[in-house]
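Colleague: Here it is, the structure in full.
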Amino acid sequence: MRCPYCGSLDTQVKDSRPTEDSAAIRRRRICPDCGGRFTTFERVQLRELTVLKRSGRRVPFDRDKLARSIEVALRKRPVDPERVERLVSGLVRRLESMGESEITSEMIGERVMESLKQLDDVAYVRFASVYRNFREAKDFETLLGELGPRLVEEEATDEPAARRLREPGLDD
């Protein structure tokens with residue numbers, strides 16, 4: 001592994017351990033030339049994926065780019081980082097196991113939206129607004145209309161909210 005500080009190819013592993021979800025190996029490394037310390041992660045990769053962009057360009061799949069876009073959608077949301085890592089790992093595994101070495105950016109975007117819809121409604125709306133290139137408020141209304149029936153069902157099963165609906169005098 002090349003040292004990120006001095007570029008030396010002679011780095012040594014000082015410590016290895018699995019990550020919390022056991023989906024990767026975390027390695028602490030040291031460079032004997034400059035003394036720099038850094039961490040690397042080793043993950044299983046089933047196949048090399050290529051992303052076919054809307055413009056027709058082909059680019060290598062970048063797991064970190066996927067994780068960053070999901071983290072942007074989840075910014076300031078009460079979601080455990082471990083759940084986010086599991087979501088990203090699950091998405092990558094699903095994409096790799098599809099059997100195709102080339103996947104469209106649309107397919108990736110739709111899969112991310114499905115996953116975010118299950119995880120956090122606000123993150124789902126944020127991601128969808130960028131992915132679907134919303135231009136006006138009506139676009140948000142349409143998307144929220146799709147979420148509407150599900151949100152009403154969730155509120156009805158929310159015990160404090162259901163109790164407030166039944167208790168007299170609260171809405172007078």
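Naming works like this for the structure tokens: A, B, ... for the chains as they're shown, residue 1 at the start of each chain, ligands 1 onward in shown order.
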Please identify which residues in chain A DSSP calls strand (DSSP E) from the backbone, and express them as number ranges by chain.

Modeller: A: 12-18, 24-30, 37-43, 50-52, 58-60, 102-104

Colleague: So which residues touch Leu143 in chain A within 10 Å, counting only C-alpha atoms, skipping near sequence neighbours fewer than 4 positions away, as an NGL selection string?

Modeller: :A and (124-125 or 128-129 or 138-139 or 147-148)

Colleague: With N, CA, C and O atoms retained, could you export that selection as a PDB file, in the first residue's frame?

Modeller:
```
ATOM      1  N   TYR A 124     -35.191  10.755   2.041  1.00  0.00           N
ATOM      2  CA  TYR A 124     -35.761  10.303   0.776  1.00  0.00           C
ATOM      3  C   TYR A 124     -36.168  11.498  -0.087  1.00  0.00           C
ATOM      4  O   TYR A 124     -35.840  11.563  -1.271  1.00  0.00           O
ATOM      5  N   VAL A 125     -36.867  12.460   0.512  1.00  0.00           N
ATOM      6  CA  VAL A 125     -37.319  13.639  -0.238  1.00  0.00           C
ATOM      7  C   VAL A 125     -36.115  14.460  -0.698  1.00  0.00           C
ATOM      8  O   VAL A 125     -36.073  14.936  -1.839  1.00  0.00           O
ATOM      9  N   ALA A 128     -34.428  12.541  -3.571  1.00  0.00           N
ATOM     10  CA  ALA A 128     -35.295  12.550  -4.753  1.00  0.00           C
ATOM     11  C   ALA A 128     -35.301  13.917  -5.417  1.00  0.00           C
ATOM     12  O   ALA A 128     -35.337  14.014  -6.648  1.00  0.00           O
ATOM     13  N   SER A 129     -35.261  14.988  -4.628  1.00  0.00           N
ATOM     14  CA  SER A 129     -35.309  16.333  -5.209  1.00  0.00           C
ATOM     15  C   SER A 129     -34.087  16.611  -6.075  1.00  0.00           C
ATOM     16  O   SER A 129     -34.185  17.293  -7.086  1.00  0.00           O
ATOM     17  N   LYS A 138     -44.330  22.225  -6.917  1.00  0.00           N
ATOM     18  CA  LYS A 138     -45.288  21.182  -7.311  1.00  0.00           C
ATOM     19  C   LYS A 138     -44.614  19.805  -7.366  1.00  0.00           C
ATOM     20  O   LYS A 138     -45.242  18.792  -7.067  1.00  0.00           O
ATOM     21  N   ASP A 139     -43.339  19.778  -7.735  1.00  0.00           N
ATOM     22  CA  ASP A 139     -42.604  18.511  -7.762  1.00  0.00           C
ATOM     23  C   ASP A 139     -42.539  17.900  -6.364  1.00  0.00           C
ATOM     24  O   ASP A 139     -42.676  16.687  -6.196  1.00  0.00           O
ATOM     25  N   LEU A 147     -45.894   9.765  -0.531  1.00  0.00           N
ATOM     26  CA  LEU A 147     -45.613   9.379   0.846  1.00  0.00           C
ATOM     27  C   LEU A 147     -46.836   9.524   1.738  1.00  0.00           C
ATOM     28  O   LEU A 147     -46.941   8.865   2.758  1.00  0.00           O
ATOM     29  N   GLY A 148     -47.760  10.389   1.370  1.00  0.00           N
ATOM     30  CA  GLY A 148     -48.898  10.749   2.194  1.00  0.00           C
ATOM     31  C   GLY A 148     -49.643   9.594   2.838  1.00  0.00           C
ATOM     32  O   GLY A 148     -49.774   9.551   4.056  1.00  0.00           O
TER      33      GLY A 148
END
```

Colleague: Write out as a PyMOL selection string all residues of range 3-172 of chain A that backbone DSSP assigns to helix (DSSP H, G or I).

Modeller: chain A and resi 63-73+81-96+105-119+121-131+137-157+159-166

Colleague: Check the smallest atom-to-atom distance from each of A:Glu42, A:Glu106, A:Glu100, A:Asp121 to Val79 in chain A using only C-alpha atoms, then report the winner.

Modeller: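 Comparing A:Glu42, A:Glu106, A:Glu100, A:Asp121 against Val79 in chain A, the winner is A:Asp121.
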
Colleague: Please provide the set of residues having any atom within 10 Å of range 86-98 of chain A, restricted to only C-alpha atoms, with same-chain residues fewer than 3 positions apart removed, written as a ChimeraX atom specification.

Modeller: /A:21,23-24,43-49,61-64,66-68,70-71,81-83,101-103,107-108,111-112,115-116,119
